[in-house]
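J.: File follows, structure-v2.cif with mmCIF, N, CA, C and O atoms:
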```
data_data
loop_
_atom_site.label_atom_id
_atom_site.label_comp_id
_atom_site.auth_asym_id
_atom_site.auth_seq_id
_atom_site.Cartn_x
_atom_site.Cartn_y
_atom_site.Cartn_z
N MET X 1 -34.30 25.90 -72.14
CA MET X 1 -34.00 26.65 -70.95
C MET X 1 -35.26 27.35 -70.47
O MET X 1 -36.06 27.79 -71.29
N ARG X 2 -35.37 27.48 -69.18
CA ARG X 2 -36.54 28.15 -68.61
C ARG X 2 -36.08 29.41 -67.89
O ARG X 2 -35.69 29.38 -66.75
N TYR X 3 -36.14 30.52 -68.59
CA TYR X 3 -35.66 31.77 -68.03
C TYR X 3 -36.53 32.27 -66.88
O TYR X 3 -36.07 33.01 -66.04
N ASP X 4 -37.79 31.86 -66.84
CA ASP X 4 -38.66 32.31 -65.77
C ASP X 4 -38.21 31.76 -64.42
O ASP X 4 -38.44 32.37 -63.38
N ILE X 5 -37.54 30.62 -64.41
CA ILE X 5 -37.09 30.01 -63.16
C ILE X 5 -35.62 30.34 -62.88
O ILE X 5 -35.27 30.78 -61.80
N ILE X 6 -34.76 30.16 -63.86
CA ILE X 6 -33.32 30.35 -63.61
C ILE X 6 -32.80 31.66 -64.19
O ILE X 6 -31.63 31.95 -64.06
N GLY X 7 -33.64 32.46 -64.79
CA GLY X 7 -33.19 33.69 -65.44
C GLY X 7 -32.47 34.64 -64.51
O GLY X 7 -31.52 35.32 -64.90
N ASP X 8 -32.90 34.71 -63.26
CA ASP X 8 -32.25 35.61 -62.31
C ASP X 8 -30.85 35.14 -61.96
O ASP X 8 -30.04 35.93 -61.47
N PHE X 9 -30.54 33.89 -62.19
CA PHE X 9 -29.24 33.33 -61.85
C PHE X 9 -28.36 33.11 -63.08
O PHE X 9 -27.20 32.77 -62.95
N MET X 10 -28.94 33.32 -64.26
CA MET X 10 -28.23 33.07 -65.51
C MET X 10 -27.23 34.18 -65.79
O MET X 10 -27.49 35.35 -65.53
N LYS X 11 -26.07 33.79 -66.30
CA LYS X 11 -25.05 34.74 -66.71
C LYS X 11 -24.62 34.38 -68.12
O LYS X 11 -24.86 33.26 -68.57
N VAL X 12 -23.99 35.32 -68.80
CA VAL X 12 -23.48 35.05 -70.14
C VAL X 12 -22.04 35.55 -70.24
O VAL X 12 -21.63 36.47 -69.55
N LYS X 13 -21.29 34.91 -71.12
CA LYS X 13 -19.93 35.33 -71.44
C LYS X 13 -19.78 35.26 -72.94
O LYS X 13 -20.10 34.23 -73.57
N CYS X 14 -19.34 36.35 -73.54
CA CYS X 14 -19.18 36.44 -74.98
C CYS X 14 -17.70 36.47 -75.34
O CYS X 14 -16.91 37.16 -74.69
N PHE X 15 -17.33 35.72 -76.36
CA PHE X 15 -15.96 35.66 -76.85
C PHE X 15 -15.97 35.97 -78.34
O PHE X 15 -16.86 35.52 -79.06
N ASP X 16 -14.96 36.68 -78.83
CA ASP X 16 -14.86 36.98 -80.25
C ASP X 16 -13.38 37.15 -80.61
O ASP X 16 -12.69 38.00 -80.03
N PHE X 17 -12.90 36.34 -81.55
CA PHE X 17 -11.50 36.37 -81.94
C PHE X 17 -11.38 36.17 -83.45
O PHE X 17 -12.27 35.63 -84.09
N GLU X 18 -10.23 36.57 -83.99
CA GLU X 18 -9.97 36.40 -85.41
C GLU X 18 -9.35 35.05 -85.73
O GLU X 18 -9.21 34.71 -86.90
N HIS X 19 -8.99 34.29 -84.72
CA HIS X 19 -8.40 32.97 -84.95
C HIS X 19 -9.06 31.96 -84.02
O HIS X 19 -9.26 32.24 -82.84
N GLU X 20 -9.39 30.82 -84.54
CA GLU X 20 -10.13 29.82 -83.75
C GLU X 20 -9.34 29.31 -82.55
O GLU X 20 -9.91 28.98 -81.51
N LEU X 21 -8.02 29.26 -82.66
CA LEU X 21 -7.21 28.80 -81.52
C LEU X 21 -7.23 29.81 -80.37
O LEU X 21 -7.17 29.43 -79.20
N ASP X 22 -7.32 31.10 -80.70
CA ASP X 22 -7.45 32.12 -79.67
C ASP X 22 -8.78 31.98 -78.94
O ASP X 22 -8.86 32.14 -77.72
N LEU X 23 -9.83 31.68 -79.69
CA LEU X 23 -11.15 31.45 -79.09
C LEU X 23 -11.11 30.25 -78.16
O LEU X 23 -11.57 30.31 -77.02
N GLU X 24 -10.52 29.18 -78.63
CA GLU X 24 -10.40 27.96 -77.83
C GLU X 24 -9.65 28.23 -76.52
O GLU X 24 -10.08 27.82 -75.44
N LYS X 25 -8.53 28.93 -76.62
CA LYS X 25 -7.72 29.23 -75.44
C LYS X 25 -8.50 30.09 -74.45
O LYS X 25 -8.49 29.82 -73.24
N ALA X 26 -9.19 31.10 -74.93
CA ALA X 26 -9.94 32.00 -74.05
C ALA X 26 -11.07 31.26 -73.34
O ALA X 26 -11.30 31.47 -72.14
N ILE X 27 -11.78 30.39 -74.04
CA ILE X 27 -12.86 29.62 -73.42
C ILE X 27 -12.30 28.67 -72.38
O ILE X 27 -12.83 28.56 -71.27
N ASN X 28 -11.22 27.97 -72.71
CA ASN X 28 -10.61 27.05 -71.73
C ASN X 28 -10.13 27.79 -70.49
O ASN X 28 -10.31 27.31 -69.37
N GLU X 29 -9.55 28.97 -70.66
CA GLU X 29 -9.12 29.76 -69.51
C GLU X 29 -10.31 30.23 -68.67
O GLU X 29 -10.24 30.26 -67.44
N PHE X 30 -11.39 30.61 -69.33
CA PHE X 30 -12.59 31.03 -68.63
C PHE X 30 -13.17 29.89 -67.79
O PHE X 30 -13.59 30.08 -66.66
N LEU X 31 -13.17 28.68 -68.34
CA LEU X 31 -13.77 27.54 -67.66
C LEU X 31 -12.88 26.96 -66.56
O LEU X 31 -13.38 26.32 -65.63
N GLU X 32 -11.59 27.21 -66.65
CA GLU X 32 -10.65 26.64 -65.70
C GLU X 32 -10.92 27.13 -64.27
O GLU X 32 -11.08 28.32 -64.02
N ASN X 33 -11.02 26.17 -63.36
CA ASN X 33 -11.21 26.46 -61.94
C ASN X 33 -12.50 27.21 -61.60
O ASN X 33 -12.56 27.94 -60.62
N ARG X 34 -13.51 27.09 -62.42
CA ARG X 34 -14.81 27.71 -62.13
C ARG X 34 -15.82 26.62 -61.81
O ARG X 34 -15.83 25.57 -62.45
N LYS X 35 -16.66 26.89 -60.87
CA LYS X 35 -17.74 25.97 -60.54
C LYS X 35 -19.02 26.53 -61.15
O LYS X 35 -19.75 27.30 -60.53
N ILE X 36 -19.25 26.13 -62.41
CA ILE X 36 -20.41 26.61 -63.13
C ILE X 36 -21.11 25.45 -63.83
O ILE X 36 -20.52 24.40 -64.06
N LYS X 37 -22.35 25.69 -64.16
CA LYS X 37 -23.11 24.76 -64.98
C LYS X 37 -23.37 25.46 -66.30
O LYS X 37 -23.99 26.53 -66.34
N ILE X 38 -22.88 24.88 -67.38
CA ILE X 38 -23.12 25.46 -68.70
C ILE X 38 -24.52 25.08 -69.14
O ILE X 38 -24.87 23.91 -69.23
N GLU X 39 -25.33 26.10 -69.42
CA GLU X 39 -26.71 25.87 -69.84
C GLU X 39 -26.82 25.74 -71.36
O GLU X 39 -27.60 24.94 -71.86
N TYR X 40 -26.03 26.55 -72.07
CA TYR X 40 -26.14 26.57 -73.53
C TYR X 40 -24.91 27.26 -74.11
O TYR X 40 -24.40 28.21 -73.52
N VAL X 41 -24.46 26.79 -75.27
CA VAL X 41 -23.34 27.42 -75.97
C VAL X 41 -23.77 27.68 -77.41
O VAL X 41 -24.31 26.80 -78.08
N SER X 42 -23.52 28.89 -77.86
CA SER X 42 -23.78 29.25 -79.25
C SER X 42 -22.45 29.61 -79.89
O SER X 42 -21.69 30.42 -79.35
N TYR X 43 -22.16 29.02 -81.04
CA TYR X 43 -20.88 29.22 -81.73
C TYR X 43 -21.16 29.77 -83.12
O TYR X 43 -22.13 29.38 -83.77
N SER X 44 -20.30 30.67 -83.57
CA SER X 44 -20.46 31.23 -84.90
C SER X 44 -19.10 31.50 -85.52
O SER X 44 -18.16 31.87 -84.82
N SER X 45 -19.03 31.34 -86.82
CA SER X 45 -17.82 31.73 -87.55
C SER X 45 -18.25 32.46 -88.82
O SER X 45 -19.30 32.16 -89.40
N SER X 46 -17.47 33.44 -89.19
CA SER X 46 -17.78 34.19 -90.41
C SER X 46 -16.49 34.75 -90.98
O SER X 46 -15.44 34.75 -90.33
N HIS X 47 -16.58 35.22 -92.21
CA HIS X 47 -15.43 35.88 -92.82
C HIS X 47 -15.95 36.95 -93.78
O HIS X 47 -17.08 36.88 -94.26
N PHE X 48 -15.13 37.94 -93.98
CA PHE X 48 -15.48 39.02 -94.90
C PHE X 48 -14.20 39.69 -95.38
O PHE X 48 -13.12 39.45 -94.86
N GLU X 49 -14.35 40.53 -96.37
CA GLU X 49 -13.20 41.23 -96.93
C GLU X 49 -13.25 42.69 -96.50
O GLU X 49 -14.30 43.33 -96.51
N CYS X 50 -12.10 43.21 -96.10
CA CYS X 50 -12.00 44.61 -95.72
C CYS X 50 -10.73 45.18 -96.35
O CYS X 50 -9.62 44.75 -95.99
N MET X 51 -10.89 46.08 -97.29
CA MET X 51 -9.75 46.72 -97.97
C MET X 51 -8.80 45.68 -98.56
O MET X 51 -7.58 45.77 -98.42
N GLY X 52 -9.36 44.65 -99.17
CA GLY X 52 -8.57 43.62 -99.83
C GLY X 52 -8.02 42.55 -98.92
O GLY X 52 -7.34 41.64 -99.37
N GLU X 53 -8.31 42.64 -97.62
CA GLU X 53 -7.81 41.64 -96.67
C GLU X 53 -8.97 40.76 -96.19
O GLU X 53 -10.06 41.26 -95.88
N GLN X 54 -8.72 39.47 -96.13
CA GLN X 54 -9.73 38.51 -95.65
C GLN X 54 -9.72 38.52 -94.11
O GLN X 54 -8.69 38.31 -93.49
N ILE X 55 -10.86 38.80 -93.53
CA ILE X 55 -10.99 38.86 -92.07
C ILE X 55 -11.89 37.70 -91.61
O ILE X 55 -12.95 37.48 -92.18
N TYR X 56 -11.45 37.01 -90.58
CA TYR X 56 -12.23 35.91 -90.01
C TYR X 56 -12.70 36.31 -88.62
O TYR X 56 -12.04 37.06 -87.91
N SER X 57 -13.83 35.77 -88.25
CA SER X 57 -14.37 36.01 -86.90
C SER X 57 -14.90 34.69 -86.36
O SER X 57 -15.72 34.02 -87.00
N PHE X 58 -14.41 34.32 -85.18
CA PHE X 58 -14.87 33.12 -84.49
C PHE X 58 -15.40 33.58 -83.14
O PHE X 58 -14.70 34.25 -82.38
N SER X 59 -16.65 33.28 -82.87
CA SER X 59 -17.25 33.76 -81.63
C SER X 59 -18.07 32.68 -80.96
O SER X 59 -18.53 31.73 -81.58
N ALA X 60 -18.23 32.86 -79.66
CA ALA X 60 -19.04 31.94 -78.87
C ALA X 60 -19.72 32.73 -77.77
O ALA X 60 -19.17 33.71 -77.24
N LEU X 61 -20.92 32.32 -77.44
CA LEU X 61 -21.68 32.91 -76.35
C LEU X 61 -22.05 31.76 -75.41
O LEU X 61 -22.67 30.79 -75.83
N ILE X 62 -21.62 31.87 -74.17
CA ILE X 62 -21.87 30.81 -73.20
C ILE X 62 -22.86 31.31 -72.16
O ILE X 62 -22.65 32.34 -71.53
N PHE X 63 -23.97 30.61 -72.02
CA PHE X 63 -24.95 30.87 -70.98
C PHE X 63 -24.63 29.90 -69.84
O PHE X 63 -24.53 28.70 -70.06
N TYR X 64 -24.50 30.42 -68.63
CA TYR X 64 -24.12 29.56 -67.52
C TYR X 64 -24.73 30.06 -66.23
O TYR X 64 -25.20 31.19 -66.13
N SER X 65 -24.70 29.21 -65.23
CA SER X 65 -25.11 29.60 -63.89
C SER X 65 -24.04 29.11 -62.91
O SER X 65 -23.37 28.10 -63.15
N ASN X 66 -23.87 29.87 -61.83
CA ASN X 66 -22.88 29.50 -60.82
C ASN X 66 -23.41 28.34 -59.98
O ASN X 66 -24.59 28.28 -59.67
N LEU X 67 -22.51 27.44 -59.60
CA LEU X 67 -22.89 26.33 -58.72
C LEU X 67 -22.61 26.62 -57.26
O LEU X 67 -22.93 25.83 -56.40
N GLU X 68 -22.01 27.74 -56.99
CA GLU X 68 -21.69 28.09 -55.60
C GLU X 68 -22.83 28.85 -54.96
O GLU X 68 -23.55 29.56 -55.53
#
```
In structure tokens, write the structure found in this file.
T.:
Amino acid sequence: MRYDIIGDFMKVKCFDFEHELDLEKAINEFLENRKIKIEYVSYSSSHFECMGEQIYSFSALIFYSNLE
């Protein structure tokens, strides 16, 4: 990506959920009926323990620009 040229037009959207299906649904809803060009997607998953409970985190960061 060349931020010096398209950086002024670049936008980001961050998603973070405890279940991968919630992440999938949120991304699909975000993309629905939008005229955008996806420049880059970063995905991450992690898990950790908190007070004896296993916690999962599924996240995505979408870099995009509007086509309108």
J.: For X:Phe58, which of X:Arg34, X:Phe9, X:Ser46, X:Glu39 is the closest residue, counting only N, CA, C and O atoms?
T.: X:Ser46
J.: What residues in chain X get the DSSP label helix (DSSP H, G or I)? Please answer as a list in words.
T.: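 Put together, the selection reads Tyr3, Asp4, Ile5, Ile6, Glu20, Leu21, Asp22, Leu23, Glu24, Lys25, Ala26, Ile27, Asn28, Glu29, Phe30 and Leu31 of chain X.
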J.: Measuring between all atoms listed in the file, which one of X:Ile55, X:Glu20, X:Ala60, X:Val12 shows the shortest distance to X:Ser42?
T.: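 Looking at the shortest contact to X:Ser42, the residue is X:Ala60.
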J.: Which one of X:Lys37, X:Asn66, X:Gly52, X:His47 sits closest to X:Glu18 if you count only C-alpha atoms?
T.: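 Comparing X:Lys37, X:Asn66, X:Gly52, X:His47 against X:Glu18, the winner is X:His47.
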J.: Report the distance between atom C of X:Phe30 and atom C of X:Ser45 in Å, rounded to one decimal place.
T.: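 According to the coordinates, atom C of X:Phe30 and atom C of X:Ser45 are separated by 21.8 Å.
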J.: Regenerate stretch 55-66 of chain X at the level of all heavy atoms and dump it as a PDB file, in the frame of the given file.
T.:
```pdb
ATOM      1  N   ILE X  55     -10.860  38.800 -93.530  1.00  0.00           N
ATOM      2  CA  ILE X  55     -10.990  38.860 -92.070  1.00  0.00           C
ATOM      3  C   ILE X  55     -11.890  37.700 -91.610  1.00  0.00           C
ATOM      4  O   ILE X  55     -12.950  37.480 -92.180  1.00  0.00           O
ATOM      5  CB  ILE X  55     -11.630  40.191 -91.606  1.00  0.00           C
ATOM      6  CG1 ILE X  55     -10.870  41.395 -92.158  1.00  0.00           C
ATOM      7  CG2 ILE X  55     -11.741  40.240 -90.092  1.00  0.00           C
ATOM      8  CD1 ILE X  55      -9.477  41.566 -91.633  1.00  0.00           C
ATOM      9  N   TYR X  56     -11.450  37.010 -90.580  1.00  0.00           N
ATOM     10  CA  TYR X  56     -12.230  35.910 -90.010  1.00  0.00           C
ATOM     11  C   TYR X  56     -12.700  36.310 -88.620  1.00  0.00           C
ATOM     12  O   TYR X  56     -12.040  37.060 -87.910  1.00  0.00           O
ATOM     13  CB  TYR X  56     -11.391  34.634 -89.914  1.00  0.00           C
ATOM     14  CG  TYR X  56     -11.050  34.056 -91.262  1.00  0.00           C
ATOM     15  CD1 TYR X  56      -9.897  34.445 -91.929  1.00  0.00           C
ATOM     16  CD2 TYR X  56     -11.885  33.124 -91.865  1.00  0.00           C
ATOM     17  CE1 TYR X  56      -9.580  33.926 -93.170  1.00  0.00           C
ATOM     18  CE2 TYR X  56     -11.571  32.597 -93.105  1.00  0.00           C
ATOM     19  CZ  TYR X  56     -10.424  33.004 -93.749  1.00  0.00           C
ATOM     20  OH  TYR X  56     -10.118  32.491 -94.972  1.00  0.00           O
ATOM     21  N   SER X  57     -13.830  35.770 -88.250  1.00  0.00           N
ATOM     22  CA  SER X  57     -14.370  36.010 -86.900  1.00  0.00           C
ATOM     23  C   SER X  57     -14.900  34.690 -86.360  1.00  0.00           C
ATOM     24  O   SER X  57     -15.720  34.020 -87.000  1.00  0.00           O
ATOM     25  CB  SER X  57     -15.505  37.034 -86.948  1.00  0.00           C
ATOM     26  OG  SER X  57     -16.086  37.180 -85.673  1.00  0.00           O
ATOM     27  N   PHE X  58     -14.410  34.320 -85.180  1.00  0.00           N
ATOM     28  CA  PHE X  58     -14.870  33.120 -84.490  1.00  0.00           C
ATOM     29  C   PHE X  58     -15.400  33.580 -83.140  1.00  0.00           C
ATOM     30  O   PHE X  58     -14.700  34.250 -82.380  1.00  0.00           O
ATOM     31  CB  PHE X  58     -13.706  32.137 -84.294  1.00  0.00           C
ATOM     32  CG  PHE X  58     -13.104  31.671 -85.590  1.00  0.00           C
ATOM     33  CD1 PHE X  58     -12.051  32.365 -86.165  1.00  0.00           C
ATOM     34  CD2 PHE X  58     -13.610  30.566 -86.232  1.00  0.00           C
ATOM     35  CE1 PHE X  58     -11.498  31.953 -87.362  1.00  0.00           C
ATOM     36  CE2 PHE X  58     -13.063  30.136 -87.429  1.00  0.00           C
ATOM     37  CZ  PHE X  58     -12.015  30.833 -88.001  1.00  0.00           C
ATOM     38  N   SER X  59     -16.650  33.280 -82.870  1.00  0.00           N
ATOM     39  CA  SER X  59     -17.250  33.760 -81.630  1.00  0.00           C
ATOM     40  C   SER X  59     -18.070  32.680 -80.960  1.00  0.00           C
ATOM     41  O   SER X  59     -18.530  31.730 -81.580  1.00  0.00           O
ATOM     42  CB  SER X  59     -18.114  34.993 -81.900  1.00  0.00           C
ATOM     43  OG  SER X  59     -19.149  34.687 -82.808  1.00  0.00           O
ATOM     44  N   ALA X  60     -18.230  32.860 -79.660  1.00  0.00           N
ATOM     45  CA  ALA X  60     -19.040  31.940 -78.870  1.00  0.00           C
ATOM     46  C   ALA X  60     -19.720  32.730 -77.770  1.00  0.00           C
ATOM     47  O   ALA X  60     -19.170  33.710 -77.240  1.00  0.00           O
ATOM     48  CB  ALA X  60     -18.176  30.845 -78.254  1.00  0.00           C
ATOM     49  N   LEU X  61     -20.920  32.320 -77.440  1.00  0.00           N
ATOM     50  CA  LEU X  61     -21.680  32.910 -76.350  1.00  0.00           C
ATOM     51  C   LEU X  61     -22.050  31.760 -75.410  1.00  0.00           C
ATOM     52  O   LEU X  61     -22.670  30.790 -75.830  1.00  0.00           O
ATOM     53  CB  LEU X  61     -22.944  33.586 -76.875  1.00  0.00           C
ATOM     54  CG  LEU X  61     -23.834  34.278 -75.860  1.00  0.00           C
ATOM     55  CD1 LEU X  61     -23.090  35.436 -75.193  1.00  0.00           C
ATOM     56  CD2 LEU X  61     -25.089  34.803 -76.533  1.00  0.00           C
ATOM     57  N   ILE X  62     -21.620  31.870 -74.170  1.00  0.00           N
ATOM     58  CA  ILE X  62     -21.870  30.810 -73.200  1.00  0.00           C
ATOM     59  C   ILE X  62     -22.860  31.310 -72.160  1.00  0.00           C
ATOM     60  O   ILE X  62     -22.650  32.340 -71.530  1.00  0.00           O
ATOM     61  CB  ILE X  62     -20.558  30.389 -72.493  1.00  0.00           C
ATOM     62  CG1 ILE X  62     -19.567  29.831 -73.526  1.00  0.00           C
ATOM     63  CG2 ILE X  62     -20.835  29.351 -71.407  1.00  0.00           C
ATOM     64  CD1 ILE X  62     -18.215  29.478 -72.956  1.00  0.00           C
ATOM     65  N   PHE X  63     -23.970  30.610 -72.020  1.00  0.00           N
ATOM     66  CA  PHE X  63     -24.950  30.870 -70.980  1.00  0.00           C
ATOM     67  C   PHE X  63     -24.630  29.900 -69.840  1.00  0.00           C
ATOM     68  O   PHE X  63     -24.530  28.700 -70.060  1.00  0.00           O
ATOM     69  CB  PHE X  63     -26.378  30.579 -71.475  1.00  0.00           C
ATOM     70  CG  PHE X  63     -26.839  31.514 -72.552  1.00  0.00           C
ATOM     71  CD1 PHE X  63     -26.472  31.325 -73.866  1.00  0.00           C
ATOM     72  CD2 PHE X  63     -27.664  32.577 -72.238  1.00  0.00           C
ATOM     73  CE1 PHE X  63     -26.903  32.185 -74.866  1.00  0.00           C
ATOM     74  CE2 PHE X  63     -28.108  33.448 -73.231  1.00  0.00           C
ATOM     75  CZ  PHE X  63     -27.723  33.253 -74.535  1.00  0.00           C
ATOM     76  N   TYR X  64     -24.500  30.420 -68.630  1.00  0.00           N
ATOM     77  CA  TYR X  64     -24.120  29.560 -67.520  1.00  0.00           C
ATOM     78  C   TYR X  64     -24.730  30.060 -66.230  1.00  0.00           C
ATOM     79  O   TYR X  64     -25.200  31.190 -66.130  1.00  0.00           O
ATOM     80  CB  TYR X  64     -22.599  29.487 -67.392  1.00  0.00           C
ATOM     81  CG  TYR X  64     -21.929  30.770 -66.970  1.00  0.00           C
ATOM     82  CD1 TYR X  64     -21.587  30.994 -65.634  1.00  0.00           C
ATOM     83  CD2 TYR X  64     -21.634  31.773 -67.887  1.00  0.00           C
ATOM     84  CE1 TYR X  64     -20.975  32.160 -65.235  1.00  0.00           C
ATOM     85  CE2 TYR X  64     -21.021  32.946 -67.494  1.00  0.00           C
ATOM     86  CZ  TYR X  64     -20.697  33.138 -66.168  1.00  0.00           C
ATOM     87  OH  TYR X  64     -20.093  34.301 -65.774  1.00  0.00           O
ATOM     88  N   SER X  65     -24.700  29.210 -65.230  1.00  0.00           N
ATOM     89  CA  SER X  65     -25.110  29.600 -63.890  1.00  0.00           C
ATOM     90  C   SER X  65     -24.040  29.110 -62.910  1.00  0.00           C
ATOM     91  O   SER X  65     -23.370  28.100 -63.150  1.00  0.00           O
ATOM     92  CB  SER X  65     -26.477  29.007 -63.533  1.00  0.00           C
ATOM     93  OG  SER X  65     -26.503  27.623 -63.734  1.00  0.00           O
ATOM     94  N   ASN X  66     -23.870  29.870 -61.830  1.00  0.00           N
ATOM     95  CA  ASN X  66     -22.880  29.500 -60.820  1.00  0.00           C
ATOM     96  C   ASN X  66     -23.410  28.340 -59.980  1.00  0.00           C
ATOM     97  O   ASN X  66     -24.590  28.280 -59.670  1.00  0.00           O
ATOM     98  CB  ASN X  66     -22.573  30.685 -59.910  1.00  0.00           C
ATOM     99  CG  ASN X  66     -21.779  31.744 -60.629  1.00  0.00           C
ATOM    100  OD1 ASN X  66     -20.906  31.430 -61.422  1.00  0.00           O
ATOM    101  ND2 ASN X  66     -22.081  32.988 -60.362  1.00  0.00           N
TER     102      ASN X  66
END
```
